[in-house]
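Visitor: For reference, the file my_file33.pdb (PDB, C-alpha atoms) is included below:
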ATOM      1  CA  MET T   1       9.969  29.879  32.770  1.00  0.00           C
ATOM      2  CA  LYS T   2      13.361  28.249  32.108  1.00  0.00           C
ATOM      3  CA  TRP T   3      13.555  24.769  30.602  1.00  0.00           C
ATOM      4  CA  PRO T   4      16.342  22.451  31.794  1.00  0.00           C
ATOM      5  CA  ILE T   5      18.859  21.760  29.027  1.00  0.00           C
ATOM      6  CA  GLY T   6      18.504  17.965  29.458  1.00  0.00           C
ATOM      7  CA  LEU T   7      14.745  18.150  28.884  1.00  0.00           C
ATOM      8  CA  LEU T   8      15.228  20.326  25.796  1.00  0.00           C
ATOM      9  CA  LEU T   9      17.710  17.806  24.369  1.00  0.00           C
ATOM     10  CA  ILE T  10      15.314  14.903  24.958  1.00  0.00           C
ATOM     11  CA  LEU T  11      12.430  16.807  23.370  1.00  0.00           C
ATOM     12  CA  GLY T  12      14.623  17.817  20.423  1.00  0.00           C
ATOM     13  CA  LEU T  13      15.824  14.255  19.806  1.00  0.00           C
ATOM     14  CA  GLY T  14      12.267  12.986  20.056  1.00  0.00           C
ATOM     15  CA  PHE T  15      11.123  15.557  17.515  1.00  0.00           C
ATOM     16  CA  LEU T  16      13.957  14.687  15.118  1.00  0.00           C
ATOM     17  CA  THR T  17      13.111  10.986  15.417  1.00  0.00           C
ATOM     18  CA  TRP T  18       9.460  11.712  14.691  1.00  0.00           C
ATOM     19  CA  LEU T  19      10.390  13.955  11.769  1.00  0.00           C
ATOM     20  CA  THR T  20      12.633  11.268  10.249  1.00  0.00           C
ATOM     21  CA  MET T  21       9.935   8.615  10.573  1.00  0.00           C
ATOM     22  CA  THR T  22       7.252  10.772   8.947  1.00  0.00           C
ATOM     23  CA  SER T  23       9.235  12.556   6.227  1.00  0.00           C
ATOM     24  CA  GLY T  24       9.887   9.583   3.935  1.00  0.00           C
ATOM     25  CA  ASN T  25      13.418   9.059   5.227  1.00  0.00           C
ATOM     26  CA  ASN T  26      12.401   5.973   7.150  1.00  0.00           C
ATOM     27  CA  PRO T  27      15.438   3.657   7.242  1.00  0.00           C
ATOM     28  CA  ALA T  28      13.159   0.719   6.421  1.00  0.00           C
ATOM     29  CA  GLN T  29      12.483   2.381   3.056  1.00  0.00           C
ATOM     30  CA  SER T  30      16.101   3.254   2.307  1.00  0.00           C
ATOM     31  CA  PRO T  31      17.554   1.861  -0.959  1.00  0.00           C
ATOM     32  CA  LEU T  32      20.380   0.431   1.149  1.00  0.00           C
ATOM     33  CA  ILE T  33      18.051  -2.127   2.669  1.00  0.00           C
ATOM     34  CA  SER T  34      15.137  -2.342   0.246  1.00  0.00           C
ATOM     35  CA  SER T  35      14.467  -5.584  -1.566  1.00  0.00           C
ATOM     36  CA  GLY T  36      12.081  -7.135  -4.014  1.00  0.00           C
ATOM     37  CA  ALA T  37      10.185  -8.707  -1.129  1.00  0.00           C
ATOM     38  CA  ASN T  38       9.776  -5.306   0.552  1.00  0.00           C
ATOM     39  CA  GLY T  39       8.307  -3.359  -2.316  1.00  0.00           C
ATOM     40  CA  GLY T  40      11.433  -2.795  -4.366  1.00  0.00           C
ATOM     41  CA  LEU T  41      11.594  -3.585  -8.071  1.00  0.00           C
ATOM     42  CA  ILE T  42      14.486  -6.023  -8.260  1.00  0.00           C
ATOM     43  CA  GLU T  43      13.650  -9.706  -7.853  1.00  0.00           C
ATOM     44  CA  LEU T  44      15.812 -12.834  -7.668  1.00  0.00           C
ATOM     45  CA  THR T  45      14.430 -16.290  -8.478  1.00  0.00           C
ATOM     46  CA  SER T  46      15.730 -19.740  -9.355  1.00  0.00           C
ATOM     47  CA  THR T  47      14.303 -22.544 -11.443  1.00  0.00           C
ATOM     48  CA  ALA T  48      16.059 -25.001  -9.100  1.00  0.00           C
ATOM     49  CA  PHE T  49      14.101 -24.058  -5.957  1.00  0.00           C
ATOM     50  CA  LYS T  50      11.457 -21.609  -4.790  1.00  0.00           C
ATOM     51  CA  ALA T  51      12.001 -19.077  -2.004  1.00  0.00           C
ATOM     52  CA  GLY T  52      11.944 -20.895   1.332  1.00  0.00           C
ATOM     53  CA  ASP T  53      12.180 -24.361  -0.231  1.00  0.00           C
ATOM     54  CA  SER T  54      15.000 -26.913  -0.067  1.00  0.00           C
ATOM     55  CA  ILE T  55      18.011 -26.401  -2.308  1.00  0.00           C
ATOM     56  CA  PRO T  56      18.434 -29.551  -4.448  1.00  0.00           C
ATOM     57  CA  ASP T  57      21.343 -31.868  -3.598  1.00  0.00           C
ATOM     58  CA  LYS T  58      22.854 -31.115  -7.019  1.00  0.00           C
ATOM     59  CA  HIS T  59      23.814 -27.647  -5.743  1.00  0.00           C
ATOM     60  CA  THR T  60      25.298 -28.854  -2.420  1.00  0.00           C
ATOM     61  CA  CYS T  61      28.329 -30.702  -1.115  1.00  0.00           C
ATOM     62  CA  GLN T  62      26.317 -33.929  -1.324  1.00  0.00           C
ATOM     63  CA  GLY T  63      25.815 -33.518  -5.061  1.00  0.00           C
ATOM     64  CA  GLU T  64      27.695 -31.873  -7.909  1.00  0.00           C
ATOM     65  CA  ASN T  65      28.290 -28.737  -5.802  1.00  0.00           C
ATOM     66  CA  ILE T  66      27.487 -26.424  -8.714  1.00  0.00           C
ATOM     67  CA  SER T  67      25.761 -23.059  -8.417  1.00  0.00           C
ATOM     68  CA  PRO T  68      22.018 -23.010  -9.093  1.00  0.00           C
ATOM     69  CA  PRO T  69      20.561 -21.089 -12.017  1.00  0.00           C
ATOM     70  CA  LEU T  70      19.467 -17.603 -10.952  1.00  0.00           C
ATOM     71  CA  THR T  71      17.232 -15.100 -12.722  1.00  0.00           C
ATOM     72  CA  LEU T  72      17.111 -11.361 -12.055  1.00  0.00           C
ATOM     73  CA  SER T  73      14.304  -9.046 -13.044  1.00  0.00           C
ATOM     74  CA  GLY T  74      13.513  -5.416 -12.359  1.00  0.00           C
ATOM     75  CA  VAL T  75      17.100  -4.186 -12.175  1.00  0.00           C
ATOM     76  CA  PRO T  76      16.804  -0.434 -11.468  1.00  0.00           C
ATOM     77  CA  ALA T  77      17.819   2.229 -13.993  1.00  0.00           C
ATOM     78  CA  GLY T  78      21.310   3.566 -13.378  1.00  0.00           C
ATOM     79  CA  THR T  79      22.686   0.172 -12.341  1.00  0.00           C
ATOM     80  CA  GLU T  80      26.245  -0.250 -13.660  1.00  0.00           C
ATOM     81  CA  SER T  81      26.981  -3.675 -12.169  1.00  0.00           C
ATOM     82  CA  LEU T  82      25.606  -6.330  -9.852  1.00  0.00           C
ATOM     83  CA  ALA T  83      27.173  -8.140  -6.925  1.00  0.00           C
ATOM     84  CA  LEU T  84      26.140 -11.379  -5.240  1.00  0.00           C
ATOM     85  CA  ILE T  85      26.870 -12.865  -1.830  1.00  0.00           C
ATOM     86  CA  MET T  86      25.618 -16.277  -0.727  1.00  0.00           C
ATOM     87  CA  ASP T  87      25.851 -16.987   2.977  1.00  0.00           C
ATOM     88  CA  ASP T  88      24.623 -19.191   5.809  1.00  0.00           C
ATOM     89  CA  PRO T  89      23.710 -17.235   8.964  1.00  0.00           C
ATOM     90  CA  ASP T  90      23.023 -20.487  10.865  1.00  0.00           C
ATOM     91  CA  ALA T  91      26.615 -21.768  10.817  1.00  0.00           C
ATOM     92  CA  PRO T  92      27.938 -22.645  14.300  1.00  0.00           C
ATOM     93  CA  GLY T  93      30.783 -20.089  14.154  1.00  0.00           C
ATOM     94  CA  GLY T  94      28.665 -17.250  12.765  1.00  0.00           C
ATOM     95  CA  THR T  95      27.737 -16.313   9.216  1.00  0.00           C
ATOM     96  CA  PHE T  96      29.577 -18.527   6.717  1.00  0.00           C
ATOM     97  CA  THR T  97      30.109 -17.207   3.177  1.00  0.00           C
ATOM     98  CA  HIS T  98      29.659 -19.656   0.290  1.00  0.00           C
ATOM     99  CA  TRP T  99      29.979 -17.352  -2.732  1.00  0.00           C
ATOM    100  CA  VAL T 100      31.242 -13.814  -3.431  1.00  0.00           C
ATOM    101  CA  VAL T 101      30.758 -12.297  -6.898  1.00  0.00           C
ATOM    102  CA  TRP T 102      30.957  -8.767  -8.303  1.00  0.00           C
ATOM    103  CA  ASN T 103      30.828  -7.027 -11.689  1.00  0.00           C
ATOM    104  CA  LEU T 104      27.987  -9.204 -12.906  1.00  0.00           C
ATOM    105  CA  PRO T 105      26.795  -7.574 -16.137  1.00  0.00           C
ATOM    106  CA  VAL T 106      23.530  -5.681 -15.913  1.00  0.00           C
ATOM    107  CA  ASP T 107      22.395  -6.747 -19.389  1.00  0.00           C
ATOM    108  CA  GLN T 108      22.329 -10.458 -18.509  1.00  0.00           C
ATOM    109  CA  SER T 109      19.275 -11.401 -16.497  1.00  0.00           C
ATOM    110  CA  GLN T 110      20.347 -15.024 -16.022  1.00  0.00           C
ATOM    111  CA  ILE T 111      23.219 -16.626 -14.196  1.00  0.00           C
ATOM    112  CA  LYS T 112      23.437 -20.101 -15.685  1.00  0.00           C
ATOM    113  CA  GLU T 113      23.765 -23.208 -13.557  1.00  0.00           C
ATOM    114  CA  GLY T 114      27.415 -23.816 -12.686  1.00  0.00           C
ATOM    115  CA  ALA T 115      28.634 -20.813 -14.685  1.00  0.00           C
ATOM    116  CA  LEU T 116      29.227 -17.074 -14.491  1.00  0.00           C
ATOM    117  CA  PRO T 117      29.347 -14.426 -17.231  1.00  0.00           C
ATOM    118  CA  GLN T 118      32.939 -13.720 -18.336  1.00  0.00           C
ATOM    119  CA  ALA T 119      33.041 -10.192 -16.920  1.00  0.00           C
ATOM    120  CA  ALA T 120      32.092 -11.355 -13.412  1.00  0.00           C
ATOM    121  CA  GLN T 121      34.766 -11.759 -10.759  1.00  0.00           C
ATOM    122  CA  GLU T 122      34.728 -14.078  -7.746  1.00  0.00           C
ATOM    123  CA  GLY T 123      36.167 -13.427  -4.312  1.00  0.00           C
ATOM    124  CA  VAL T 124      37.229 -15.577  -1.393  1.00  0.00           C
ATOM    125  CA  THR T 125      34.636 -17.545   0.570  1.00  0.00           C
ATOM    126  CA  SER T 126      34.806 -18.766   4.160  1.00  0.00           C
ATOM    127  CA  TYR T 127      36.461 -21.891   2.727  1.00  0.00           C
ATOM    128  CA  GLY T 128      39.441 -19.659   1.896  1.00  0.00           C
ATOM    129  CA  GLN T 129      39.064 -20.051  -1.877  1.00  0.00           C
ATOM    130  CA  ALA T 130      37.242 -18.400  -4.761  1.00  0.00           C
ATOM    131  CA  GLY T 131      34.199 -19.897  -6.429  1.00  0.00           C
ATOM    132  CA  TYR T 132      30.877 -21.366  -5.456  1.00  0.00           C
ATOM    133  CA  ASN T 133      30.792 -23.717  -2.469  1.00  0.00           C
ATOM    134  CA  GLY T 134      27.322 -25.146  -1.984  1.00  0.00           C
ATOM    135  CA  PRO T 135      25.408 -25.756   1.223  1.00  0.00           C
ATOM    136  CA  CYS T 136      27.088 -28.258   3.540  1.00  0.00           C
ATOM    137  CA  PRO T 137      25.751 -27.800   7.076  1.00  0.00           C
ATOM    138  CA  PRO T 138      27.501 -29.840   9.781  1.00  0.00           C
ATOM    139  CA  SER T 139      24.136 -30.632  11.377  1.00  0.00           C
ATOM    140  CA  GLY T 140      20.492 -29.653  11.178  1.00  0.00           C
ATOM    141  CA  GLU T 141      18.720 -27.478   8.667  1.00  0.00           C
ATOM    142  CA  HIS T 142      20.353 -24.189   7.652  1.00  0.00           C
ATOM    143  CA  ARG T 143      19.139 -21.161   5.703  1.00  0.00           C
ATOM    144  CA  TYR T 144      21.130 -20.012   2.685  1.00  0.00           C
ATOM    145  CA  TYR T 145      20.698 -16.467   1.383  1.00  0.00           C
ATOM    146  CA  PHE T 146      21.573 -15.461  -2.174  1.00  0.00           C
ATOM    147  CA  LYS T 147      21.811 -11.662  -1.943  1.00  0.00           C
ATOM    148  CA  VAL T 148      22.063  -9.511  -5.053  1.00  0.00           C
ATOM    149  CA  PHE T 149      23.044  -5.853  -5.001  1.00  0.00           C
ATOM    150  CA  ALA T 150      22.387  -3.374  -7.837  1.00  0.00           C
ATOM    151  CA  LEU T 151      25.359  -0.991  -7.823  1.00  0.00           C
ATOM    152  CA  SER T 152      25.914   2.485  -9.252  1.00  0.00           C
ATOM    153  CA  SER T 153      29.405   1.559 -10.500  1.00  0.00           C
ATOM    154  CA  LYS T 154      31.666  -1.321 -11.457  1.00  0.00           C
ATOM    155  CA  LEU T 155      34.155  -2.419  -8.827  1.00  0.00           C
ATOM    156  CA  ASP T 156      37.922  -2.783  -9.200  1.00  0.00           C
ATOM    157  CA  LEU T 157      38.782  -5.339  -6.525  1.00  0.00           C
ATOM    158  CA  PRO T 158      41.497  -7.962  -6.051  1.00  0.00           C
ATOM    159  CA  ALA T 159      40.721 -11.694  -6.203  1.00  0.00           C
ATOM    160  CA  THR T 160      41.405 -11.832  -2.439  1.00  0.00           C
ATOM    161  CA  THR T 161      38.217  -9.833  -1.722  1.00  0.00           C
ATOM    162  CA  THR T 162      35.981 -11.374   0.948  1.00  0.00           C
ATOM    163  CA  ALA T 163      32.271 -10.771   1.558  1.00  0.00           C
ATOM    164  CA  ASP T 164      33.125  -8.290   4.330  1.00  0.00           C
ATOM    165  CA  ASP T 165      35.476  -6.422   1.971  1.00  0.00           C
ATOM    166  CA  LEU T 166      32.815  -6.339  -0.721  1.00  0.00           C
ATOM    167  CA  ILE T 167      30.167  -5.036   1.680  1.00  0.00           C
ATOM    168  CA  ARG T 168      32.505  -2.211   2.768  1.00  0.00           C
ATOM    169  CA  VAL T 169      33.314  -1.232  -0.824  1.00  0.00           C
ATOM    170  CA  MET T 170      29.639  -1.313  -1.850  1.00  0.00           C
ATOM    171  CA  GLU T 171      28.666   1.173   0.860  1.00  0.00           C
ATOM    172  CA  GLY T 172      27.105   4.217  -0.769  1.00  0.00           C
ATOM    173  CA  LYS T 173      26.909   2.467  -4.170  1.00  0.00           C
ATOM    174  CA  ILE T 174      23.886   0.219  -3.521  1.00  0.00           C
ATOM    175  CA  LEU T 175      20.851   1.315  -5.504  1.00  0.00           C
ATOM    176  CA  GLU T 176      18.742  -1.639  -4.463  1.00  0.00           C
ATOM    177  CA  GLU T 177      19.117  -5.180  -3.175  1.00  0.00           C
ATOM    178  CA  THR T 178      17.134  -8.367  -3.005  1.00  0.00           C
ATOM    179  CA  GLN T 179      17.580 -11.893  -1.730  1.00  0.00           C
ATOM    180  CA  LEU T 180      16.462 -15.461  -2.297  1.00  0.00           C
ATOM    181  CA  MET T 181      16.524 -17.850   0.646  1.00  0.00           C
ATOM    182  CA  GLY T 182      16.692 -21.610   0.370  1.00  0.00           C
ATOM    183  CA  ILE T 183      17.155 -24.213   3.075  1.00  0.00           C
ATOM    184  CA  TYR T 184      19.240 -27.368   3.281  1.00  0.00           C
ATOM    185  CA  ALA T 185      19.941 -30.220   5.691  1.00  0.00           C
ATOM    186  CA  GLN T 186      22.300 -33.075   4.896  1.00  0.00           C
ATOM    187  CA  ASN T 187      20.696 -36.487   4.404  1.00  0.00           C
TER     188      ASN T 187
END
Translate the structure of the given file into structure tokens.
Guide:
Amino acid sequence: MKWPIGLLLILGLGFLTWLTMTSGNNPAQSPLISSGANGGLIELTSTAFKAGDSIPDKHTCQGENISPPLTLSGVPAGTESLALIMDDPDAPGGTFTHWVVWNLPVDQSQIKEGALPQAAQEGVTSYGQAGYNGPCPPSGEHRYYFKVFALSSKLDLPATTTADDLIRVMEGKILEETQLMGIYAQN
């Protein structure tokens, strides 16, 4: 009995999909997209707000507009540097970037309020400038994600680097990532 080539291709692709899902190579378990919340080791917290809670005015455009204190724990072995991106996926024009940072030192578990370690470098936000720009939604409540990436190397990037540039350069270097989400609505 001859099998039609189309049927063999469909069966082969189905088998490969099944094999991938059952062999431990499940994309949902890949270090590229793992996080502290999904069973990874790295965790990001803040003393200014808890995950899912409101970001205090002090850290927004209606306050001092300074970065919140952040604490990292469980940074994986082999991490050479850390990167951070803060963004708002609820912005009317699409994801809006509020902070881009790379080469955060691995040996410092705290990012102090309104400050960065000397070795860290900042890139360009959606405001067109470097540095932290706090939540400032035009209307309604928005979600703000602080995403931290444990990287296998330090990065040599220009000050004009955007979040998209950083994401491209980090490809293949991410050991693990995590995020902390806070919400904010202007008063």
Visitor: Go through the shown structure with the PyMOL selection byres ((chain T and resi 98) around 9) and write out the matching residues as a PyMOL selection string.
Guide: chain T and resi 85-88+96-97+99-100+124-127+131-135+144
Visitor: As an exercise, work out the distance from atom CA of T:Val169 to atom CA of T:Leu82 in Å and give it to one decimal place.
Guide: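 Atom CA of T:Leu82 lies 12.9 Å from atom CA of T:Val169.
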Visitor: Applying the PyMOL selection byres ((chain T and resi 105) around 8) to the file I just gave you, which residues come out? Please list them as a list of chain:residue names.
Guide: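 Evaluating the PyMOL selection byres ((chain T and resi 105) around 8) on these coordinates yields T:Glu80, T:Ser81, T:Leu82, T:Asn103, T:Leu104, T:Val106, T:Asp107, T:Gln108, T:Pro117, T:Ala119, T:Ala120.
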Visitor: Which of these, T:Lys58, T:Lys147, T:Arg168, T:Lys112, has the shortest distance to T:Leu180 once you count only C-alpha atoms?
Guide: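 Smallest separation from T:Leu180 among the options: T:Lys147.
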Visitor: Using all atoms listed in the file, find the one residue out of T:Cys61, T:Ile55, T:Val148, T:Ala48 that sits nearest to T:Ser73.
Guide: T:Val148
Visitor: Between atom CA of T:Ser152 and atom CA of T:Gly123, measure the distance and give it in Å to one decimal.
Guide: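 Taking atom CA of T:Ser152 as the start and atom CA of T:Gly123 as the end point, the length is 19.6 Å.
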Visitor: Just want the 12 Å neighbourhood of T:Ile183, counted on only C-alpha atoms, with same-chain residues fewer than 4 positions away dropped. Output as number ranges by chain.
Guide: T: 49-57, 59-60, 87-90, 134-137, 140-146
Visitor: For those residues, write C-alpha atoms to a file as an mmCIF file, in the coordinates of the input.
Guide:
data_model
loop_
_atom_site.group_PDB
_atom_site.id
_atom_site.type_symbol
_atom_site.label_atom_id
_atom_site.label_comp_id
_atom_site.auth_asym_id
_atom_site.auth_seq_id
_atom_site.Cartn_x
_atom_site.Cartn_y
_atom_site.Cartn_z
ATOM 1 C CA PHE T 49 14.101 -24.058 -5.957
ATOM 2 C CA LYS T 50 11.457 -21.609 -4.790
ATOM 3 C CA ALA T 51 12.001 -19.077 -2.004
ATOM 4 C CA GLY T 52 11.944 -20.895 1.332
ATOM 5 C CA ASP T 53 12.180 -24.361 -0.231
ATOM 6 C CA SER T 54 15.000 -26.913 -0.067
ATOM 7 C CA ILE T 55 18.011 -26.401 -2.308
ATOM 8 C CA PRO T 56 18.434 -29.551 -4.448
ATOM 9 C CA ASP T 57 21.343 -31.868 -3.598
ATOM 10 C CA HIS T 59 23.814 -27.647 -5.743
ATOM 11 C CA THR T 60 25.298 -28.854 -2.420
ATOM 12 C CA ASP T 87 25.851 -16.987 2.977
ATOM 13 C CA ASP T 88 24.623 -19.191 5.809
ATOM 14 C CA PRO T 89 23.710 -17.235 8.964
ATOM 15 C CA ASP T 90 23.023 -20.487 10.865
ATOM 16 C CA GLY T 134 27.322 -25.146 -1.984
ATOM 17 C CA PRO T 135 25.408 -25.756 1.223
ATOM 18 C CA CYS T 136 27.088 -28.258 3.540
ATOM 19 C CA PRO T 137 25.751 -27.800 7.076
ATOM 20 C CA GLY T 140 20.492 -29.653 11.178
ATOM 21 C CA GLU T 141 18.720 -27.478 8.667
ATOM 22 C CA HIS T 142 20.353 -24.189 7.652
ATOM 23 C CA ARG T 143 19.139 -21.161 5.703
ATOM 24 C CA TYR T 144 21.130 -20.012 2.685
ATOM 25 C CA TYR T 145 20.698 -16.467 1.383
ATOM 26 C CA PHE T 146 21.573 -15.461 -2.174
#
Visitor: Ranking T:Ile42, T:Leu155, T:Gly114, T:Gly63 by minimum distance to T:Leu175 and counting all atoms listed in the file, which one comes first?
Guide: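 The shortest atom-to-atom distance to T:Leu175 comes from T:Ile42.
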Visitor: So how many Å separate atom CA of T:Thr79 and atom CA of T:Ile66, to one decimal?
Guide: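 Result for atom CA of T:Thr79 versus atom CA of T:Ile66: 27.3 Å, one decimal.
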